[in-house]
Amino acid sequence: MRVLACIAAVALVLICDRAFAADEDAPNRKPVKVVADARLSVGGQGMLPLYLSSDWSMPLPAISRAIIVLHGRLRNADDYYMSAHTAQLAAGGDGQSALMIVPQFLAEIDIEAHKLSADTLRWSLEGWEGGDAALAPNPVSSFEALDAILAKLSDRRIFPNLKQVVVAGHSGGGQVAQRYAIAGKGEVALSRQHIDVRYVVANPSSYAYFSSERPEPKIAASCPGYNNWKYGMDARPPYLGDATPVALEQRYVEREVIYLLGTLDTNPEHPALDKSCMAKAQGPYRYARGHNYVDVMAKRDHGTPNHRVWDVAGVGHDGDKMLTSKCGLAALFDIPGCGAER
């Protein structure tokens, strides 16, 4: 399996990290630079590209933890794989027993630019963030793609000693992680094998609310569709059609979720920030939106959520710094040293 060249040396990793931070400002309407080298069949309906730190076509008895890292709106899975690799190295022995997985949700422009096979799954530019169906080759939800990854990880023939799976995402990937923690069905297969699942939601632009109330009610009042999915429970996609909002909320509060919020992610004009009225109804910028959401969930009548919120001091909208921070390593690998829970 091909390993990216800039993983080979720490100096090159640092160069790539700086490029990653700058690239957050770039538009997502151009083809990705690199397509992941591994493939996973999603229910025989299409192939999902992804990066793997170990070949999972053979038994991996040394793996006790699997960490899925979800890329942002730029679909730059290669950059997130480098960040995942950096975090894995920083985790020491805990990292050595982990499998790092970075799926890639491509768009039609990527298929054309890289002349990919017709069975490669592709979504609209941002629809994959909320679980929308793929545009081709079949209407597979991006959440079904995550289900397929979790189903693979539940195979005890390949992972006889797997104990925990972490689904983590930053920015657009944080949106996926938060919505999948609400809607995802893949956890069932892991639970049958007594494998724990954790969701890590880092600096997303918005969250899915369970009621029509919002932190900015005046904005919501003038915003048609502010409560539609992916911002609320109305007009949910087919993947969520078999569960009521009450059932979805109960499932969500029972799941283990860690919110990672960069204390400097406070720019209301950030180029990659969702500036729709649906998102603005949740707060002015990501840091505020995150704490607003946690505060709302804590006050709802469903028992105490199995959720934690950790501030990542001195970090803005930078996926690499978030995932490799002390709190990032604590969320991904259970390494002590965060101490930032509010």
# chains A, B, ... in the order shown; residues from 1 in each chain; ligands from 1
$ residues_around --residues "Val167 in chain A" --least-positions-apart "5" --cutoff "12 Å" --atoms "only C-alpha atoms" --output "ChimeraX atom specification"
/A:65-71,100-103,143,146-147,149-150,173-181,184,186-187,196-202,255-259,331-333
$ residues_around --residues "Ala107 in chain A" --least-positions-apart "5" --cutoff "7 Å" --atoms "only C-alpha atoms" --output "number ranges by chain"
A: 122-125
$ select_by_dssp --residues "range 62-180 of chain A" --states "strand (DSSP E or B)" --output "list of chain:residue names"
A:Arg65, A:Ala66, A:Ile67, A:Ile68, A:Val69, A:Leu70, A:Ala98, A:Leu99, A:Met100, A:Ile101, A:Val102, A:Pro103, A:Ala107, A:Thr120, A:Arg122, A:Trp123, A:Ala133, A:Ala136, A:Ser141, A:Gln164, A:Val165, A:Val166, A:Val167, A:Ala168, A:Gly169, A:His170
$ write_last_selection --atoms "N, CA and C atoms" --output "compact mmCIF listing (two decimals), in the first residue's frame"
# COMPACT_ATOMS: atom_id res chain seq x y z
N ARG A 65 -7.52 -0.67 18.91
CA ARG A 65 -8.31 0.55 18.73
C ARG A 65 -8.30 0.93 17.24
N ALA A 66 -9.45 1.32 16.72
CA ALA A 66 -9.55 1.82 15.35
C ALA A 66 -10.08 3.24 15.41
N ILE A 67 -9.43 4.14 14.68
CA ILE A 67 -9.81 5.55 14.70
C ILE A 67 -10.14 5.99 13.28
N ILE A 68 -11.39 6.37 13.07
CA ILE A 68 -11.84 6.88 11.78
C ILE A 68 -11.76 8.40 11.85
N VAL A 69 -10.99 9.00 10.96
CA VAL A 69 -10.84 10.46 10.93
C VAL A 69 -11.52 10.97 9.65
N LEU A 70 -12.50 11.86 9.81
CA LEU A 70 -13.31 12.36 8.70
C LEU A 70 -12.80 13.71 8.23
N ALA A 98 -3.11 1.06 17.21
CA ALA A 98 -4.29 1.66 16.59
C ALA A 98 -4.24 1.53 15.08
N LEU A 99 -5.39 1.35 14.48
CA LEU A 99 -5.55 1.41 13.04
C LEU A 99 -6.18 2.75 12.71
N MET A 100 -5.53 3.54 11.85
CA MET A 100 -6.04 4.84 11.43
C MET A 100 -6.74 4.68 10.09
N ILE A 101 -7.96 5.19 9.99
CA ILE A 101 -8.79 5.05 8.79
C ILE A 101 -9.29 6.42 8.39
N VAL A 102 -9.07 6.82 7.14
CA VAL A 102 -9.57 8.11 6.66
C VAL A 102 -10.34 7.86 5.36
N PRO A 103 -11.68 7.81 5.43
CA PRO A 103 -12.47 7.65 4.21
C PRO A 103 -12.49 8.94 3.40
N ALA A 107 -16.61 13.95 -5.05
CA ALA A 107 -17.65 14.57 -5.86
C ALA A 107 -17.44 14.20 -7.33
N THR A 120 -17.00 4.05 -8.46
CA THR A 120 -16.55 4.89 -7.34
C THR A 120 -17.69 5.78 -6.88
N ARG A 122 -19.73 8.84 -5.45
CA ARG A 122 -19.53 10.29 -5.47
C ARG A 122 -20.83 10.99 -5.02
N TRP A 123 -20.65 12.06 -4.26
CA TRP A 123 -21.77 12.82 -3.70
C TRP A 123 -21.77 14.24 -4.26
N ALA A 133 -27.77 10.87 -0.05
CA ALA A 133 -27.48 9.74 -0.92
C ALA A 133 -26.45 10.15 -1.97
N ALA A 136 -24.06 8.77 -7.65
CA ALA A 136 -23.75 7.60 -8.49
C ALA A 136 -22.69 6.77 -7.76
N SER A 141 -26.20 6.40 1.04
CA SER A 141 -25.95 7.48 1.99
C SER A 141 -24.49 7.45 2.44
N GLN A 164 -12.10 -0.79 20.95
CA GLN A 164 -12.76 0.51 20.82
C GLN A 164 -12.63 1.05 19.40
N VAL A 165 -13.70 1.72 18.95
CA VAL A 165 -13.69 2.44 17.68
C VAL A 165 -14.02 3.90 17.97
N VAL A 166 -13.25 4.79 17.38
CA VAL A 166 -13.47 6.23 17.54
C VAL A 166 -13.83 6.81 16.17
N VAL A 167 -14.94 7.51 16.09
CA VAL A 167 -15.36 8.20 14.87
C VAL A 167 -15.14 9.69 15.12
N ALA A 168 -14.13 10.27 14.48
CA ALA A 168 -13.73 11.64 14.76
C ALA A 168 -13.74 12.47 13.48
N GLY A 169 -14.09 13.74 13.61
CA GLY A 169 -14.06 14.62 12.46
C GLY A 169 -13.87 16.05 12.86
N HIS A 170 -13.25 16.83 11.98
CA HIS A 170 -13.03 18.26 12.20
C HIS A 170 -13.72 19.04 11.09
$ select_by_dssp --residues "range 3-241 of chain A" --states "alpha helix (DSSP H)" --output "PyMOL selection string"
chain A and resi 10-23+77-90+93-96+108-114+142-153+172-183+187-192+217-221
$ atom_distance --atom1 "CA of Glu129 in chain A" --atom2 "CA of Ser171 in chain A"
10.0 Å
$ residues_around --residues "Ala288 in chain A" --least-positions-apart "3" --cutoff "10 Å" --atoms "only C-alpha atoms" --output "list of chain:residue names"
A:Pro215, A:Leu261, A:Thr263, A:Asp265, A:Thr266, A:Gln282, A:Gly283, A:Pro284, A:Tyr285, A:His291, A:Asn292, A:Tyr293
$ closest_residue --among "A:Phe105, A:Tyr239, A:Tyr287, A:Trp56" --to "Arg73 in chain A" --atoms "only C-alpha atoms"
A:Phe105
$ residues_around --residues "Phe159 in chain A" --least-positions-apart "5" --cutoff "8 Å" --atoms "only C-alpha atoms" --output "JSON, numbers by chain"
{"A": [59, 60, 61, 63, 64, 153, 154]}
